[in-house]
file upload34.cif (mmCIF, C-alpha atoms and all ligand atoms)
data_my_file
loop_
_atom_site.label_atom_id
_atom_site.label_comp_id
_atom_site.auth_asym_id
_atom_site.auth_seq_id
_atom_site.Cartn_x
_atom_site.Cartn_y
_atom_site.Cartn_z
CA MET H 1 117.90 89.64 167.82
CA PHE H 2 118.59 92.94 169.52
CA SER H 3 117.63 94.23 172.94
CA PHE H 4 115.76 97.27 174.11
CA PHE H 5 114.53 98.49 177.47
CA SER H 6 110.86 99.16 178.13
CA LYS H 7 108.97 100.64 181.04
CA ASP H 8 105.89 98.76 182.27
CA GLN H 9 102.84 101.00 181.69
CA THR H 10 101.31 100.26 185.10
CA THR H 11 104.21 99.44 187.47
CA GLY H 12 106.85 101.72 185.89
CA GLU H 13 109.37 98.84 186.10
CA VAL H 14 112.11 98.78 183.48
CA ALA H 15 112.76 95.47 181.72
CA GLU H 16 115.08 94.29 178.94
CA HIS H 17 113.48 92.59 175.94
CA GLN H 18 114.75 90.97 172.76
CA LEU H 19 113.29 91.99 169.42
CA ASP H 20 113.35 89.43 166.63
CA GLU H 21 114.79 91.21 163.59
CA ALA H 22 113.28 88.57 161.32
CA ASN H 23 109.74 89.41 162.50
CA ILE H 24 109.53 93.19 162.20
CA PRO H 25 106.02 94.13 160.95
CA ALA H 26 106.41 95.20 157.31
CA HIS H 27 103.56 97.73 157.46
CA ILE H 28 102.88 99.65 160.67
CA ALA H 29 99.94 102.06 160.82
CA ILE H 30 99.60 104.54 163.68
CA ILE H 31 96.60 106.53 164.88
CA MET H 32 98.56 109.44 166.36
CA ASP H 33 96.21 110.52 169.12
CA GLY H 34 96.44 112.64 172.28
CA ASN H 35 98.16 115.83 171.09
CA GLY H 36 95.43 118.02 172.58
CA ARG H 37 95.40 116.26 175.95
CA TRP H 38 99.21 116.34 176.10
CA ALA H 39 99.07 120.14 175.71
CA GLN H 40 96.15 120.62 178.10
CA GLN H 41 97.99 118.69 180.83
CA ARG H 42 100.76 121.27 180.49
CA HIS H 43 98.34 124.23 180.42
CA LEU H 44 99.35 124.90 176.82
CA PRO H 45 97.05 125.54 173.84
CA ARG H 46 96.10 122.40 171.88
CA ILE H 47 98.22 123.50 168.93
CA ALA H 48 101.35 123.21 171.10
CA GLY H 49 100.55 119.50 171.25
CA HIS H 50 100.30 119.30 167.46
CA LYS H 51 103.66 121.06 167.13
CA GLN H 52 105.33 118.63 169.54
CA GLY H 53 103.55 115.77 167.74
CA MET H 54 105.25 116.82 164.52
CA ASN H 55 108.65 116.30 166.18
CA THR H 56 107.51 112.84 167.26
CA VAL H 57 106.73 112.03 163.62
CA LYS H 58 110.35 112.82 162.72
CA THR H 59 111.73 110.62 165.52
CA VAL H 60 109.40 107.72 164.87
CA ALA H 61 109.83 107.78 161.07
CA LYS H 62 113.62 107.46 161.45
CA ALA H 63 113.32 104.80 164.15
CA ALA H 64 110.90 102.71 162.05
CA SER H 65 113.14 102.99 159.02
CA HIS H 66 116.21 101.86 161.03
CA LEU H 67 114.24 98.88 162.40
CA GLY H 68 113.49 97.72 158.84
CA VAL H 69 109.80 98.68 158.62
CA LYS H 70 108.77 98.88 154.93
CA VAL H 71 105.67 101.08 155.21
CA LEU H 72 104.76 103.46 158.03
CA THR H 73 101.25 104.88 157.65
CA LEU H 74 100.39 107.81 159.93
CA TYR H 75 96.84 109.08 160.47
CA ALA H 76 97.39 112.84 160.44
CA PHE H 77 93.95 114.29 159.62
CA SER H 78 90.62 112.52 159.25
CA THR H 79 87.64 113.44 157.07
CA GLU H 80 85.87 114.20 160.39
CA ASN H 81 88.58 116.50 161.79
CA TRP H 82 87.08 119.44 159.82
CA LYS H 83 84.54 119.62 162.68
CA ARG H 84 87.20 121.20 164.92
CA PRO H 85 87.48 124.97 165.49
CA ASN H 86 88.81 126.87 162.44
CA ALA H 87 91.98 128.00 164.20
CA GLU H 88 92.96 124.41 165.02
CA VAL H 89 92.14 123.16 161.50
CA ASN H 90 94.16 126.02 159.99
CA TYR H 91 97.12 125.14 162.20
CA LEU H 92 96.90 121.46 161.25
CA MET H 93 96.83 122.46 157.57
CA LYS H 94 100.02 124.51 158.03
CA LEU H 95 101.88 121.67 159.77
CA PRO H 96 102.76 119.74 156.58
CA VAL H 97 104.30 122.94 155.19
CA ASP H 98 106.57 123.22 158.26
CA PHE H 99 107.17 119.51 158.47
CA PHE H 100 108.26 118.91 154.89
CA GLY H 101 109.96 122.32 154.72
CA THR H 102 112.41 121.22 157.40
CA PHE H 103 112.45 117.42 157.19
CA VAL H 104 112.76 116.48 153.50
CA PRO H 105 116.61 116.55 153.46
CA ASP H 106 116.61 114.19 156.45
CA LEU H 107 114.09 111.93 154.72
CA ILE H 108 116.28 111.76 151.64
CA LYS H 109 119.34 111.01 153.81
CA ASN H 110 117.40 108.10 155.32
CA ASN H 111 116.19 106.93 151.87
CA ILE H 112 112.54 107.42 152.95
CA ARG H 113 109.88 108.01 150.29
CA VAL H 114 106.81 110.12 151.05
CA LYS H 115 103.33 109.05 149.99
CA VAL H 116 99.95 110.52 150.85
CA MET H 117 96.49 108.96 150.91
CA GLY H 118 93.30 110.96 151.34
CA TYR H 119 91.20 113.60 149.60
CA THR H 120 94.15 115.95 149.12
CA ASP H 121 92.33 118.03 146.49
CA GLN H 122 90.22 119.48 149.36
CA LEU H 123 93.30 120.76 151.22
CA PRO H 124 94.45 124.41 151.04
CA ALA H 125 96.73 125.13 148.04
CA ALA H 126 99.86 125.64 150.19
CA THR H 127 99.32 122.29 151.92
CA GLN H 128 98.81 120.54 148.59
CA LYS H 129 102.01 122.08 147.27
CA ALA H 130 104.06 121.04 150.32
CA VAL H 131 102.81 117.49 149.97
CA ALA H 132 103.34 117.33 146.19
CA ASP H 133 106.89 118.74 146.54
CA ALA H 134 107.79 116.20 149.25
CA ILE H 135 106.50 113.34 147.10
CA ALA H 136 108.48 114.61 144.09
CA ASP H 137 111.66 115.28 146.10
CA THR H 138 111.71 111.78 147.63
CA ARG H 139 110.51 109.91 144.54
CA HIS H 140 113.95 108.31 144.02
CA CYS H 141 114.16 106.95 147.59
CA THR H 142 113.97 103.16 147.76
CA GLY H 143 113.74 102.57 151.52
CA MET H 144 110.75 102.90 153.81
CA VAL H 145 107.53 104.47 152.52
CA LEU H 146 106.23 107.16 154.89
CA ASN H 147 102.54 107.22 154.06
CA PHE H 148 100.48 110.11 155.48
CA ALA H 149 96.72 109.73 155.78
CA LEU H 150 95.65 113.32 155.23
CA ASN H 151 91.96 114.14 154.94
CA TYR H 152 91.48 110.38 154.93
CA GLY H 153 88.38 108.42 156.02
CA GLY H 154 87.85 104.70 155.68
CA ARG H 155 84.17 104.95 154.84
CA ALA H 156 84.68 107.69 152.25
CA GLU H 157 87.45 105.57 150.71
CA LEU H 158 85.04 102.64 150.36
CA VAL H 159 82.31 104.87 148.89
CA THR H 160 84.73 106.20 146.27
CA ALA H 161 85.86 102.66 145.43
CA VAL H 162 82.24 101.50 145.01
CA GLN H 163 81.49 104.50 142.75
CA HIS H 164 84.42 103.55 140.47
CA VAL H 165 83.34 99.95 140.28
CA ALA H 166 79.70 100.97 139.60
CA GLN H 167 80.84 103.21 136.74
CA GLN H 168 82.63 100.26 135.14
CA VAL H 169 79.50 98.14 135.47
CA GLN H 170 77.32 100.92 134.05
CA SER H 171 79.58 101.38 131.02
CA GLY H 172 79.36 97.65 130.33
CA GLN H 173 83.09 97.02 131.00
CA LEU H 174 82.43 94.90 134.06
CA ASP H 175 80.06 92.11 135.03
CA PRO H 176 79.03 92.40 138.74
CA ALA H 177 79.83 88.70 139.15
CA GLU H 178 83.50 89.54 138.45
CA ILE H 179 83.75 91.93 141.42
CA ASP H 180 86.05 90.39 144.01
CA GLU H 181 88.35 91.42 146.88
CA THR H 182 91.35 91.93 144.60
CA MET H 183 89.34 94.32 142.45
CA LEU H 184 88.23 96.37 145.48
CA ASP H 185 91.81 96.40 146.82
CA ARG H 186 92.87 97.98 143.53
CA GLN H 187 90.34 100.80 143.99
CA LEU H 188 91.51 101.73 147.49
CA MET H 189 94.03 104.42 148.37
CA THR H 190 96.52 101.75 149.44
CA ALA H 191 96.54 100.08 145.99
CA ASP H 192 100.00 101.27 145.00
CA LEU H 193 101.52 99.66 148.12
CA GLY H 194 100.91 96.29 146.44
CA GLU H 195 101.53 93.33 148.76
CA LEU H 196 102.28 95.74 151.62
CA ARG H 197 98.84 97.39 151.48
CA ASP H 198 97.40 95.91 154.70
CA PRO H 199 98.97 96.97 158.03
CA ASP H 200 100.50 94.11 160.02
CA LEU H 201 100.46 96.20 163.17
CA LEU H 202 98.06 99.00 164.08
CA ILE H 203 99.05 101.23 167.00
CA ARG H 204 96.82 103.85 168.65
CA THR H 205 98.28 106.16 171.28
CA SER H 206 96.60 108.03 174.16
CA GLY H 207 94.65 105.08 175.57
CA GLU H 208 91.65 105.33 173.19
CA LYS H 209 90.53 101.97 171.85
CA ARG H 210 88.71 102.70 168.62
CA LEU H 211 89.44 102.97 164.91
CA SER H 212 87.91 106.42 164.27
CA ASN H 213 87.29 105.53 160.61
CA PHE H 214 90.89 104.44 159.88
CA MET H 215 91.65 101.85 157.16
CA LEU H 216 88.46 99.87 157.83
CA TRP H 217 89.03 97.38 155.01
CA GLN H 218 92.80 97.05 155.38
CA VAL H 219 92.93 96.23 159.12
CA ALA H 220 90.83 93.04 158.73
CA TYR H 221 93.75 90.93 160.05
CA SER H 222 96.03 93.54 161.62
CA GLU H 223 97.29 93.12 165.17
CA PHE H 224 96.08 96.02 167.36
CA VAL H 225 98.29 97.52 170.07
CA PHE H 226 96.87 100.33 172.22
CA MET H 227 99.39 102.45 174.12
CA GLN H 228 98.83 104.86 177.01
CA GLU H 229 101.33 107.51 175.87
CA HIS H 230 99.98 110.62 174.20
CA TRP H 231 101.50 110.97 170.73
CA PRO H 232 103.98 113.77 171.69
CA ASP H 233 105.47 111.40 174.32
CA PHE H 234 105.77 108.46 171.91
CA ASP H 235 109.36 107.58 171.00
CA GLN H 236 111.67 104.84 169.71
CA THR H 237 111.26 102.77 172.91
CA ALA H 238 107.46 103.02 172.67
CA LEU H 239 107.65 101.83 169.06
CA GLU H 240 109.91 98.92 170.06
CA THR H 241 107.52 98.07 172.91
CA ALA H 242 104.60 97.88 170.44
CA ILE H 243 106.64 95.72 168.04
CA TYR H 244 107.63 93.45 170.93
CA GLU H 245 103.95 93.05 171.82
CA TYR H 246 103.24 92.24 168.15
CA GLN H 247 105.96 89.58 168.19
CA GLN H 248 104.20 87.80 171.10
CA ARG H 249 101.00 87.39 169.05
CA HIS H 250 100.04 84.39 166.91
CA ARG H 251 98.46 85.45 163.63
CA ARG H 252 96.09 82.77 162.42
CA TYR H 253 94.02 84.44 159.65
CA GLY H 254 91.18 82.11 160.53
CA GLY H 255 93.36 79.02 160.23
CA LEU H 256 95.53 77.28 162.80
CA THR H 257 99.08 77.95 163.94
CA PRO H 258 101.47 74.95 163.83
CA ASP H 259 101.33 74.45 167.64
CA THR H 260 97.50 74.19 167.64
CA GLU H 261 97.31 71.98 164.55
CA LYS H 262 97.52 68.71 166.49
C1 LIG H 301 95.65 113.74 167.35
O1 LIG H 301 95.53 114.42 168.56
C2 LIG H 301 95.90 114.67 166.18
C3 LIG H 301 94.74 114.86 165.29
C4 LIG H 301 93.59 114.23 165.39
C5 LIG H 301 94.88 115.82 164.24
P1 LIG H 301 94.17 115.07 169.02
O2 LIG H 301 94.13 116.48 168.52
O3 LIG H 301 93.01 114.23 168.62
O4 LIG H 301 94.34 115.07 170.58
P2 LIG H 301 93.25 114.73 171.67
O5 LIG H 301 92.70 113.39 171.31
O6 LIG H 301 92.21 115.81 171.59
O7 LIG H 301 94.00 114.72 172.96
C1 LIG H 302 91.65 110.12 164.90
O1 LIG H 302 91.71 110.82 166.09
C2 LIG H 302 92.19 110.96 163.77
C3 LIG H 302 93.63 111.19 163.77
C4 LIG H 302 94.48 110.72 164.64
C5 LIG H 302 94.10 112.01 162.70
P1 LIG H 302 90.51 111.69 166.63
O2 LIG H 302 91.00 112.34 167.87
O3 LIG H 302 89.98 112.58 165.57
O4 LIG H 302 89.41 110.57 166.96
P2 LIG H 302 88.17 110.60 167.93
O5 LIG H 302 87.37 111.82 167.60
O6 LIG H 302 88.69 110.64 169.32
O7 LIG H 302 87.44 109.33 167.64
MG MG H 303 92.01 112.72 169.52
#

call {"tool": "encode", "arguments": {"input": "upload34.cif", "output": "structure tokens"}}
result
Amino acid sequence: MFSFFSKDQTTGEVAEHQLDEANIPAHIAIIMDGNGRWAQQRHLPRIAGHKQGMNTVKTVAKAASHLGVKVLTLYAFSTENWKRPNAEVNYLMKLPVDFFGTFVPDLIKNNIRVKVMGYTDQLPAATQKAVADAIADTRHCTGMVLNFALNYGGRAELVTAVQHVAQQVQSGQLDPAEIDETMLDRQLMTADLGELRDPDLLIRTSGEKRLSNFMLWQVAYSEFVFMQEHWPDFDQTALETAIYEYQQRHRRYGGLTPDTEK
């Protein structure tokens, strides 16, 4: 057990809580939302929000790693975000270059390994290189996996998985009757996370309550926590508050918890 202080989102009251170290969610996934609104509230261009959001990623990655989280998946760019103005897309594509360019030594110091899921072959060459270098430079790290969803979409991921399975059927390697959940899991972009592939806790910031095409298959039994803070304002306390909320839930997976089994 260890304590932390949280601020009530409606009353502003500060309260002390105890986090159970034995029940830290192994895989946390975050939809980092609200960068643009954070900037607009300050009369700054939207990209100022993305820049500040990058600093939040650094803070939250270290905090999650210290708390004992095994996988932290961050939704950084969706397959639909290409619809935004070119200047914003270009800025978002440059962010990984800045981010990894400055943060990789810190990641290594914290034993954090970088992974990326998404259609990275469609990213600009410089972005692809920054990502590939970060993966290579942290390959030896054995602590938390920091998994960026970059040009990722849940529906596209499922379409790609179905195409692979269909090819195996067409070539006669696979009987459709053999297709099961384990086989589909192996075709998804989370396959190499093994047992940790499905998020235990899904957080979305900025008050929006939707998935926006994020990990549609993998969140089947995740606990959802929606937070009011815009992503640039999210910090260690906000993360601990979300984990505390998670620890108050009873995960049943369609069955019964011991106290309701009577
Ligand atoms: C999240 O912040 C970052 C990305 C989607 C890349 P937004 O840019 O969506 O910020 P809002 O939602 O417009 O405030
Ligand atoms: C989801 O946020 C994508 C990321 C956080 C990268 P969006 O801001 O793109 O989602 P919508 O458009 O509000 O649903
Ligand atoms: Mg948004």

call {"tool": "residues_near_ligand", "arguments": {"input": "upload34.cif", "ligand": "ligand LIG 301 (chain H)", "cutoff": "9 Å", "atoms": "all atoms listed in the file", "output": "PyMOL selection string"}}
result
chain H and resi 31-40+46-47+49-50+53+75-78+81+88-89+92+205-206+208+230-231

call {"tool": "atom_distance", "arguments": {"input": "upload34.cif", "atom1": "CA of Thr120 (chain H)", "atom2": "CA of Asn151 (chain H)"}}
result
6.5 Å

call {"tool": "atom_distance", "arguments": {"input": "upload34.cif", "atom1": "CA of Ile112 (chain H)", "atom2": "CA of Ser65 (chain H)"}}
result
7.5 Å

call {"tool": "atom_distance", "arguments": {"input": "upload34.cif", "atom1": "CA of Arg204 (chain H)", "atom2": "CA of His17 (chain H)"}}
result
21.4 Å

call {"tool": "residues_around", "arguments": {"input": "upload34.cif", "residues": "Arg139 (chain H)", "least_positions_apart": "6", "cutoff": "12 Å", "atoms": "only C-alpha atoms", "output": "list in words"}}
result
Val104, Leu107, Ile108, Asn111, Ile112, Arg113, Val114, Lys115, Ala132, Asp133, Val145 and Leu146 of chain H

call {"tool": "closest_atom_pairs", "arguments": {"input": "upload34.cif", "of": "region 142-182 of chain H", "to": "region 216-227 of chain H", "cutoff": "10 Å", "atoms": "only C-alpha atoms", "output": "Markdown table"}}
result
| residue | atom | partner | partner_atom | distance |
| --- | --- | --- | --- | --- |
| H:Gly153 | CA | H:Leu216 | CA | 8.7 |
| H:Gly154 | CA | H:Leu216 | CA | 5.3 |
| H:Arg155 | CA | H:Leu216 | CA | 7.3 |
| H:Glu157 | CA | H:Leu216 | CA | 9.2 |
| H:Leu158 | CA | H:Trp217 | CA | 8.1 |

call {"tool": "closest_residue", "arguments": {"input": "upload34.cif", "among": "H:Arg84, H:Asp233, H:Arg249, H:Met215", "to": "ligand MG 303 (chain H)", "atoms": "only C-alpha atoms and all ligand atoms"}}
result
H:Arg84

call {"tool": "closest_residue", "arguments": {"input": "upload34.cif", "among": "H:Thr79, H:Gln248, H:Thr241, H:Gln163", "to": "Glu16 (chain H)", "atoms": "all atoms listed in the file"}}
result
H:Thr241

call {"tool": "closest_residue", "arguments": {"input": "upload34.cif", "among": "H:Ala191, H:Cys141, H:Val97, H:Val131", "to": "Asn110 (chain H)", "atoms": "all atoms listed in the file"}}
result
H:Cys141

call {"tool": "closest_atom_pairs", "arguments": {"input": "upload34.cif", "of": "region 87-126 of chain H", "to": "region 178-189 of chain H", "cutoff": "10 Å", "atoms": "only C-alpha atoms", "output": "Markdown table"}}
result
| residue | atom | partner | partner_atom | distance |
| --- | --- | --- | --- | --- |
| H:Val116 | CA | H:Met189 | CA | 8.9 |
| H:Met117 | CA | H:Met189 | CA | 5.8 |
| H:Gly118 | CA | H:Met189 | CA | 7.2 |
| H:Tyr119 | CA | H:Met189 | CA | 9.7 |

call {"tool": "residues_around", "arguments": {"input": "upload34.cif", "residues": "Asp20 (chain H)", "least_positions_apart": "2", "cutoff": "12 Å", "atoms": "all atoms listed in the file", "output": "list in words"}}
result
Met1, Phe2, Ser3, Phe4, His17, Gln18, Ala22, Asn23, Ile24, Pro25, Leu67, Gly68, Glu240, Ile243, Tyr244, Glu245, Tyr246, Gln247 and Gln248 of chain H

call {"tool": "closest_residue", "arguments": {"input": "upload34.cif", "among": "H:Glu80, H:Asp106, H:Asp198, H:Asp137", "to": "ligand MG 303 (chain H)", "atoms": "all atoms listed in the file"}}
result
H:Glu80
